[in-house]
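J.: My structure is stored as model.csv, with CSV, C-alpha atoms.
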chain,number,residue,atom,x,y,z
A,1,MET,CA,-3.6,12.1,-0.6
A,2,ILE,CA,-2.8,10.3,2.5
A,3,MET,CA,-4.6,7.8,4.6
A,4,ARG,CA,-4.2,5.9,7.8
A,5,PRO,CA,-2.4,2.6,7.5
A,6,VAL,CA,-4.7,-0.3,6.7
A,7,PRO,CA,-5.0,-2.5,9.8
A,8,LEU,CA,-4.4,-6.2,9.5
A,9,SER,CA,-7.9,-6.9,10.7
A,10,GLU,CA,-9.2,-5.3,7.5
A,11,VAL,CA,-6.8,-7.3,5.4
A,12,LEU,CA,-8.0,-10.5,7.0
A,13,HIS,CA,-11.6,-9.6,6.6
A,14,ALA,CA,-11.2,-8.8,2.9
A,15,ASP,CA,-9.5,-12.2,2.6
A,16,GLU,CA,-12.2,-14.0,4.5
A,17,VAL,CA,-15.0,-12.7,2.3
A,18,GLY,CA,-12.9,-13.3,-0.9
A,19,ALA,CA,-12.6,-9.7,-1.7
A,20,LEU,CA,-9.6,-7.8,-2.9
A,21,LEU,CA,-8.7,-4.4,-1.5
A,22,PRO,CA,-8.0,-1.8,-4.1
A,23,PHE,CA,-4.7,-1.9,-5.8
A,24,GLY,CA,-1.9,-0.5,-3.6
A,25,SER,CA,-3.9,-0.6,-0.4
A,26,THR,CA,-1.2,-2.5,1.4
A,27,ALA,CA,1.8,-1.5,-0.6
A,28,PHE,CA,4.5,-0.2,1.5
A,29,HIS,CA,7.4,2.0,0.9
A,30,PRO,CA,10.2,1.7,-0.1
A,31,PRO,CA,9.5,-1.1,-2.5
A,32,LEU,CA,12.0,-4.0,-2.8
A,33,ALA,CA,11.1,-5.3,-6.1
A,34,THR,CA,13.0,-2.7,-8.1
A,35,LEU,CA,16.1,-3.2,-6.0
A,36,PHE,CA,16.7,-6.9,-5.9
A,37,ALA,CA,16.3,-9.8,-8.1
A,38,PHE,CA,16.5,-13.5,-7.4
A,39,ILE,CA,18.4,-15.4,-10.0
A,40,VAL,CA,16.8,-18.8,-10.4
A,41,ASP,CA,19.1,-21.6,-11.6
A,42,PRO,CA,17.5,-25.0,-11.0
A,43,ASN,CA,20.9,-26.5,-11.1
A,44,GLU,CA,22.1,-24.4,-8.2
A,45,ASP,CA,21.6,-25.6,-4.7
A,46,LEU,CA,21.1,-22.8,-2.2
A,47,ILE,CA,22.9,-24.7,0.5
B,1,MET,CA,22.5,-0.7,0.1
B,2,THR,CA,21.2,2.8,0.7
B,3,THR,CA,18.7,4.3,-1.8
B,4,PRO,CA,18.6,8.0,-2.6
B,5,ASP,CA,15.8,8.5,-0.1
B,6,LYS,CA,18.3,7.5,2.6
B,7,THR,CA,16.5,4.2,3.3
B,8,VAL,CA,18.9,1.4,4.2
B,9,HIS,CA,18.1,-2.0,2.7
B,10,LYS,CA,19.6,-5.1,4.1
B,11,LEU,CA,19.2,-8.4,2.4
B,12,TRP,CA,20.3,-11.8,3.7
B,13,ARG,CA,20.6,-14.9,1.6
B,14,MET,CA,19.5,-17.9,3.7
B,15,ALA,CA,21.9,-20.7,2.9
B,16,SER,CA,21.7,-22.7,6.1
B,17,ALA,CA,19.9,-26.0,6.0
B,18,GLU,CA,19.5,-25.8,9.8
B,19,LEU,CA,17.9,-22.4,9.7
B,20,ILE,CA,15.5,-23.3,6.8
B,21,GLY,CA,14.7,-26.5,8.8
B,22,LYS,CA,13.7,-24.4,11.8
B,23,LEU,CA,11.6,-21.9,9.7
B,24,ARG,CA,9.7,-24.4,7.7
B,25,PRO,CA,7.6,-25.8,10.7
B,26,LEU,CA,7.1,-22.3,12.0
B,27,PHE,CA,5.4,-21.2,8.9
B,28,ALA,CA,3.7,-24.5,7.9
B,29,GLN,CA,0.9,-23.9,10.5
B,30,LYS,CA,0.5,-20.2,9.7
B,31,LYS,CA,-1.6,-18.4,7.1
B,32,LEU,CA,0.6,-15.9,5.4
B,33,HIS,CA,-0.9,-13.0,3.5
B,34,VAL,CA,0.7,-11.5,0.5
B,35,LEU,CA,0.4,-7.8,1.1
B,36,ASP,CA,2.3,-6.5,-1.9
B,37,GLY,CA,3.6,-8.0,-5.1
B,38,HIS,CA,0.8,-10.5,-5.7
B,39,ALA,CA,1.5,-10.6,-9.4
B,40,ARG,CA,5.2,-11.2,-8.8
B,41,TYR,CA,4.4,-14.0,-6.4
B,42,GLU,CA,2.1,-15.7,-8.9
B,43,GLY,CA,4.7,-15.2,-11.6
B,44,MET,CA,7.3,-16.8,-9.3
B,45,LEU,CA,5.1,-19.8,-8.7
B,46,ALA,CA,4.4,-20.2,-12.4
B,47,TYR,CA,8.1,-19.9,-13.3
B,48,ALA,CA,9.0,-22.5,-10.7
B,49,ALA,CA,6.4,-24.8,-12.2
B,50,LYS,CA,7.8,-24.2,-15.6
B,51,LEU,CA,11.2,-25.1,-14.3
B,52,GLY,CA,9.8,-28.3,-12.9
B,53,ALA,CA,10.6,-27.4,-9.3
B,54,ASP,CA,8.6,-30.3,-8.0
B,55,ASN,CA,11.1,-32.7,-9.6
B,56,GLN,CA,14.1,-30.7,-8.4
B,57,PRO,CA,16.1,-31.5,-5.3
B,58,GLN,CA,14.9,-29.9,-2.1
B,59,TYR,CA,17.5,-27.2,-2.0
B,60,SER,CA,17.4,-26.4,-5.7
B,61,SER,CA,17.1,-22.7,-6.4
B,62,ALA,CA,13.9,-23.5,-8.3
B,63,ASN,CA,12.2,-24.3,-5.0
B,64,TYR,CA,12.8,-20.9,-3.5
B,65,GLY,CA,12.0,-17.3,-4.1
B,66,LEU,CA,12.7,-13.8,-2.9
B,67,GLY,CA,10.4,-12.6,-0.2
B,68,CYS,CA,10.1,-10.1,2.5
B,69,LEU,CA,8.4,-10.9,5.8
B,70,VAL,CA,7.3,-7.7,7.6
B,71,ASN,CA,6.0,-6.8,10.9
B,72,VAL,CA,2.5,-5.5,10.2
B,73,GLU,CA,3.2,-2.5,12.2
B,74,ILE,CA,5.0,-1.0,9.3
B,75,LEU,CA,2.1,-1.4,6.9
B,76,ARG,CA,1.7,1.8,5.0
B,77,SER,CA,-1.2,3.5,3.5
B,78,PRO,CA,-1.9,3.5,-0.3
B,79,SER,CA,0.5,5.6,-2.4
B,80,PRO,CA,0.2,9.3,-2.1
B,81,ARG,CA,-1.5,10.5,-5.2
B,82,ALA,CA,-1.5,13.9,-6.9
B,83,ILE,CA,-5.0,14.8,-8.1
B,84,ALA,CA,-5.4,16.7,-11.2
B,85,SER,CA,-7.2,19.8,-10.0
B,86,SER,CA,-9.3,21.2,-7.2
B,87,ALA,CA,-12.2,21.1,-9.6
B,88,THR,CA,-12.4,17.4,-8.9
B,89,ARG,CA,-13.1,18.1,-5.3
B,90,ALA,CA,-16.4,19.6,-6.2
B,91,SER,CA,-17.3,17.0,-8.7
B,92,SER,CA,-16.6,14.0,-6.6
B,93,GLY,CA,-19.6,14.3,-4.3
B,94,THR,CA,-17.3,13.8,-1.3
B,95,ARG,CA,-17.6,16.4,1.4
B,96,CYS,CA,-14.2,17.8,2.0
B,97,SER,CA,-13.2,20.4,4.5
B,98,LYS,CA,-10.0,22.0,5.7
B,99,PRO,CA,-8.6,20.1,8.6
B,100,PRO,CA,-9.0,22.1,11.8
B,101,GLY,CA,-5.9,23.9,12.7
B,102,ALA,CA,-4.2,22.8,9.6
B,103,THR,CA,-5.2,25.3,7.0
B,104,SER,CA,-3.3,27.9,5.2
B,105,SER,CA,-5.2,30.6,7.0
B,106,SER,CA,-3.9,29.5,10.4
B,107,THR,CA,-0.3,29.2,9.6
B,108,SER,CA,2.3,30.9,7.5
B,109,SER,CA,2.9,27.8,5.6
B,110,PRO,CA,0.1,26.4,3.4
B,111,CYS,CA,-1.2,23.1,4.6
B,112,ALA,CA,-1.1,21.6,1.1
B,113,HIS,CA,2.7,21.7,1.3
B,114,ASP,CA,3.0,20.5,4.9
B,115,LEU,CA,2.9,16.8,5.2
B,116,THR,CA,3.3,16.9,9.0
B,117,LYS,CA,0.2,19.0,9.4
B,118,GLN,CA,-1.8,16.7,7.1
B,119,GLN,CA,-0.7,13.7,9.1
B,120,MET,CA,-1.7,15.4,12.3
B,121,ALA,CA,-5.1,16.2,10.9
B,122,LEU,CA,-5.5,12.5,9.9
B,123,ALA,CA,-4.4,11.3,13.3
B,124,GLU,CA,-7.1,13.4,14.9
B,125,SER,CA,-9.9,11.9,12.8
B,126,VAL,CA,-12.3,9.4,14.3
B,127,ALA,CA,-10.8,6.0,14.2
B,128,HIS,CA,-13.8,4.0,13.0
B,129,GLN,CA,-14.8,6.4,10.1
B,130,PRO,CA,-13.2,6.5,6.7
B,131,ALA,CA,-10.8,9.4,6.6
B,132,PHE,CA,-8.2,10.8,4.3
B,133,VAL,CA,-6.5,14.1,3.6
B,134,ALA,CA,-6.2,15.3,0.0
B,135,THR,CA,-4.2,18.0,-1.6
B,136,PHE,CA,-5.0,19.4,-5.0
B,137,ALA,CA,-2.7,20.9,-7.6
B,138,GLY,CA,-3.1,24.7,-7.6
B,139,ASP,CA,-4.7,24.8,-4.1
B,140,ALA,CA,-2.8,26.0,-1.1
B,141,ASP,CA,-5.0,24.2,1.3
B,142,ALA,CA,-5.3,20.5,2.1
B,143,TYR,CA,-8.7,19.0,2.8
B,144,SER,CA,-9.8,16.2,5.0
B,145,SER,CA,-12.7,14.0,3.9
B,146,ARG,CA,-15.9,13.3,5.7
B,147,SER,CA,-17.0,10.6,3.3
B,148,SER,CA,-20.0,8.5,4.1
B,149,PRO,CA,-19.9,4.8,3.8
B,150,MET,CA,-20.6,3.5,0.4
B,151,SER,CA,-24.0,1.9,1.1
B,152,ARG,CA,-25.7,4.5,-1.1
B,153,SER,CA,-23.0,4.6,-3.8
B,154,SER,CA,-22.3,3.1,-7.2
B,155,ALA,CA,-22.8,-0.5,-8.3
B,156,LYS,CA,-19.1,-1.0,-8.1
B,157,ALA,CA,-19.5,-1.0,-4.3
B,158,SER,CA,-21.7,-4.0,-4.4
B,159,ARG,CA,-18.8,-6.4,-4.5
B,160,PHE,CA,-17.7,-5.2,-1.1
B,161,THR,CA,-19.4,-6.2,2.1
B,162,ALA,CA,-21.0,-3.5,4.2
B,163,ARG,CA,-18.1,-3.7,6.5
B,164,SER,CA,-15.4,-3.3,3.9
B,165,GLN,CA,-17.3,-0.4,2.4
B,166,ARG,CA,-16.1,1.5,5.4
B,167,TYR,CA,-12.4,0.9,4.7
B,168,GLU,CA,-10.4,3.9,3.7
B,169,PRO,CA,-8.9,2.3,0.6
B,170,VAL,CA,-12.3,1.2,-0.7
B,171,VAL,CA,-13.9,4.5,0.0
B,172,VAL,CA,-11.1,6.4,-1.6
B,173,GLU,CA,-10.9,4.2,-4.7
B,174,HIS,CA,-14.5,3.6,-5.4
B,175,LEU,CA,-16.3,6.6,-3.9
B,176,PHE,CA,-13.9,9.4,-4.2
B,177,LEU,CA,-11.3,8.8,-6.9
B,178,ALA,CA,-13.5,6.8,-9.3
B,179,ALA,CA,-16.0,9.6,-9.1
B,180,CYS,CA,-13.7,12.4,-9.8
B,181,ALA,CA,-10.2,11.6,-11.0
B,182,ALA,CA,-10.0,8.0,-12.2
B,183,ASP,CA,-8.0,8.8,-15.3
B,184,ARG,CA,-6.1,11.7,-13.9
B,185,LEU,CA,-4.0,10.1,-11.2
B,186,ASP,CA,-0.3,9.4,-10.8
B,187,ASP,CA,0.7,6.8,-8.2
B,188,GLN,CA,3.7,8.1,-6.4
B,189,HIS,CA,5.2,6.6,-3.3
B,190,ASP,CA,7.2,9.6,-2.3
B,191,ALA,CA,4.9,11.9,-0.4
B,192,GLY,CA,7.5,14.7,-0.5
B,193,ALA,CA,7.7,14.5,-4.3
B,194,VAL,CA,3.9,14.7,-4.6
B,195,LEU,CA,3.7,17.8,-2.3
B,196,ASP,CA,6.6,19.4,-4.2
B,197,ALA,CA,4.6,18.8,-7.4
B,198,VAL,CA,1.5,20.3,-5.9
B,199,LYS,CA,3.4,23.3,-4.7
B,200,ALA,CA,4.8,23.8,-8.2
B,201,GLY,CA,1.3,23.6,-9.6
B,202,GLN,CA,2.0,20.5,-11.5
B,203,ARG,CA,-0.8,18.1,-12.2
B,204,SER,CA,1.4,15.0,-11.9
B,205,ALA,CA,4.4,14.0,-9.8
Please express what this file holds, its structure, as structure tokens.
T.:
Amino acid sequence: MIMRPVPLSEVLHADEVGALLPFGSTAFHPPLATLFAFIVDPNEDLI
Amino acid sequence: MTTPDKTVHKLWRMASAELIGKLRPLFAQKKLHVLDGHARYEGMLAYAAKLGADNQPQYSSANYGLGCLVNVEILRSPSPRAIASSATRASSGTRCSKPPGATSSSTSSPCAHDLTKQQMALAESVAHQPAFVATFAGDADAYSSRSSPMSRSSAKASRFTARSQRYEPVVVEHLFLAACAADRLDDQHDAGAVLDAVKAGQRSA
């Protein structure tokens, strides 16, 4: 199943009325989450 | 790094106080929308709170997270999905038809296996009407929808405004899929893998 991309106006409207678009509506490919991780060490300064 | 699908990913670690200093005021006045990874974002905030980020120095790692800012032009549609069988087409109540010029009868290659033809059929649909193209396992043809807005549909639609009931994701999720295949879906980002599975007659990809 393929659909047209969800325009930003629809995203904004859903946000304005407090609704959530169905899961995955604005997911984009390829995902980054499975590729990268951010190690958080509170004692580490990023700069 | 390059993933098996040939996509090149580039990641930069921002470690310049000057650059961060320039970016902060740029975004402070803007409303950013989390388009993907809402749960991960909330988890990141909760973890930062657990680490006591507010009491950490400004540039502590606890005050930062991994993010990806995108140009909205690259927004993609919901994941391609393999639907269990063509029988669901009839049971969904959604009127489906073969996209003009993109059916198996008009070409030597069945439309169900040709993503380009499906995308062309979708591009030719009327812009302000919900539209999608679906392929079904065991069916050589692809079908474009002519779904009506959800004003007459199930109670699930009531939580959406009349306007949002015309959005493709809402129509597909709550009018089409929920009606015919809610428990028989596989989310799959790789459209090619989905079509290969359909071609092979599989019910999932």
J.: Would you compute the distance between atom CA of B:Leu23 and atom CA of B:Asn63? Give it in Å to one decimal.
T.: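 Rounded to one decimal, the two atoms are 14.9 Å apart.
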J.: What does the distance from atom CA of B:Leu11 to atom CA of A:Ile2 come to in Å, to one decimal?
T.: 28.9 Å
J.: Expressed in Å to a single decimal, how great is the separation between atom CA of A:Ala14 and atom CA of B:Phe160?
T.: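 Computed distance, atom CA of A:Ala14 to atom CA of B:Phe160, equals 8.4 Å.
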J.: Can you list, as a count of residues only, every protein, DNA or RNA residue that comes within 12 Å of A:Asp15 when you count only C-alpha atoms, leaving out same-chain residues fewer than 5 positions away?
T.: 13
J.: Go through chain A residue by residue and, counting all atoms listed in the file, keep those with an atom at most 8 Å from chain B; for each kept residue give the shortest atom pair and its distance in Å to one decimal, ordered by chain and increasing number, as a tab-separated table.
T.:
residue	atom	partner	partner_atom	distance
A:Met1	CA	B:Ala134	CA	4.2
A:Ile2	CA	B:Val133	CA	5.4
A:Met3	CA	B:Phe132	CA	4.7
A:Arg4	CA	B:Ser77	CA	5.8
A:Pro5	CA	B:Ser77	CA	4.3
A:Val6	CA	B:Ser77	CA	6.1
A:Pro7	CA	B:Leu75	CA	7.7
A:Leu8	CA	B:Val72	CA	7.0
A:Glu10	CA	B:Ser164	CA	7.4
A:His13	CA	B:Ser164	CA	7.8
A:Ala14	CA	B:Ser164	CA	7.0
A:Val17	CA	B:Thr161	CA	7.9
A:Ala19	CA	B:Phe160	CA	6.8
A:Leu21	CA	B:Val170	CA	6.7
A:Pro22	CA	B:Val170	CA	6.2
A:Gly24	CA	B:Pro78	CA	5.2
A:Ser25	CA	B:Pro78	CA	4.6
A:Thr26	CA	B:Leu35	CA	5.5
A:Ala27	CA	B:Asp36	CA	5.2
A:Phe28	CA	B:Arg76	CA	4.9
A:His29	CA	B:His189	CA	6.6
A:Pro30	CA	B:Thr7	CA	7.6
A:Ala37	CA	B:Leu66	CA	7.5
A:Phe38	CA	B:Leu66	CA	5.9
A:Val40	CA	B:Ser61	CA	5.6
A:Asp41	CA	B:Ser61	CA	5.7
A:Pro42	CA	B:Ala62	CA	4.7
A:Asn43	CA	B:Ser60	CA	6.4
A:Glu44	CA	B:Ser61	CA	5.6
A:Asp45	CA	B:Ser60	CA	4.4
A:Leu46	CA	B:Ala15	CA	5.6
A:Ile47	CA	B:Ala15	CA	4.8
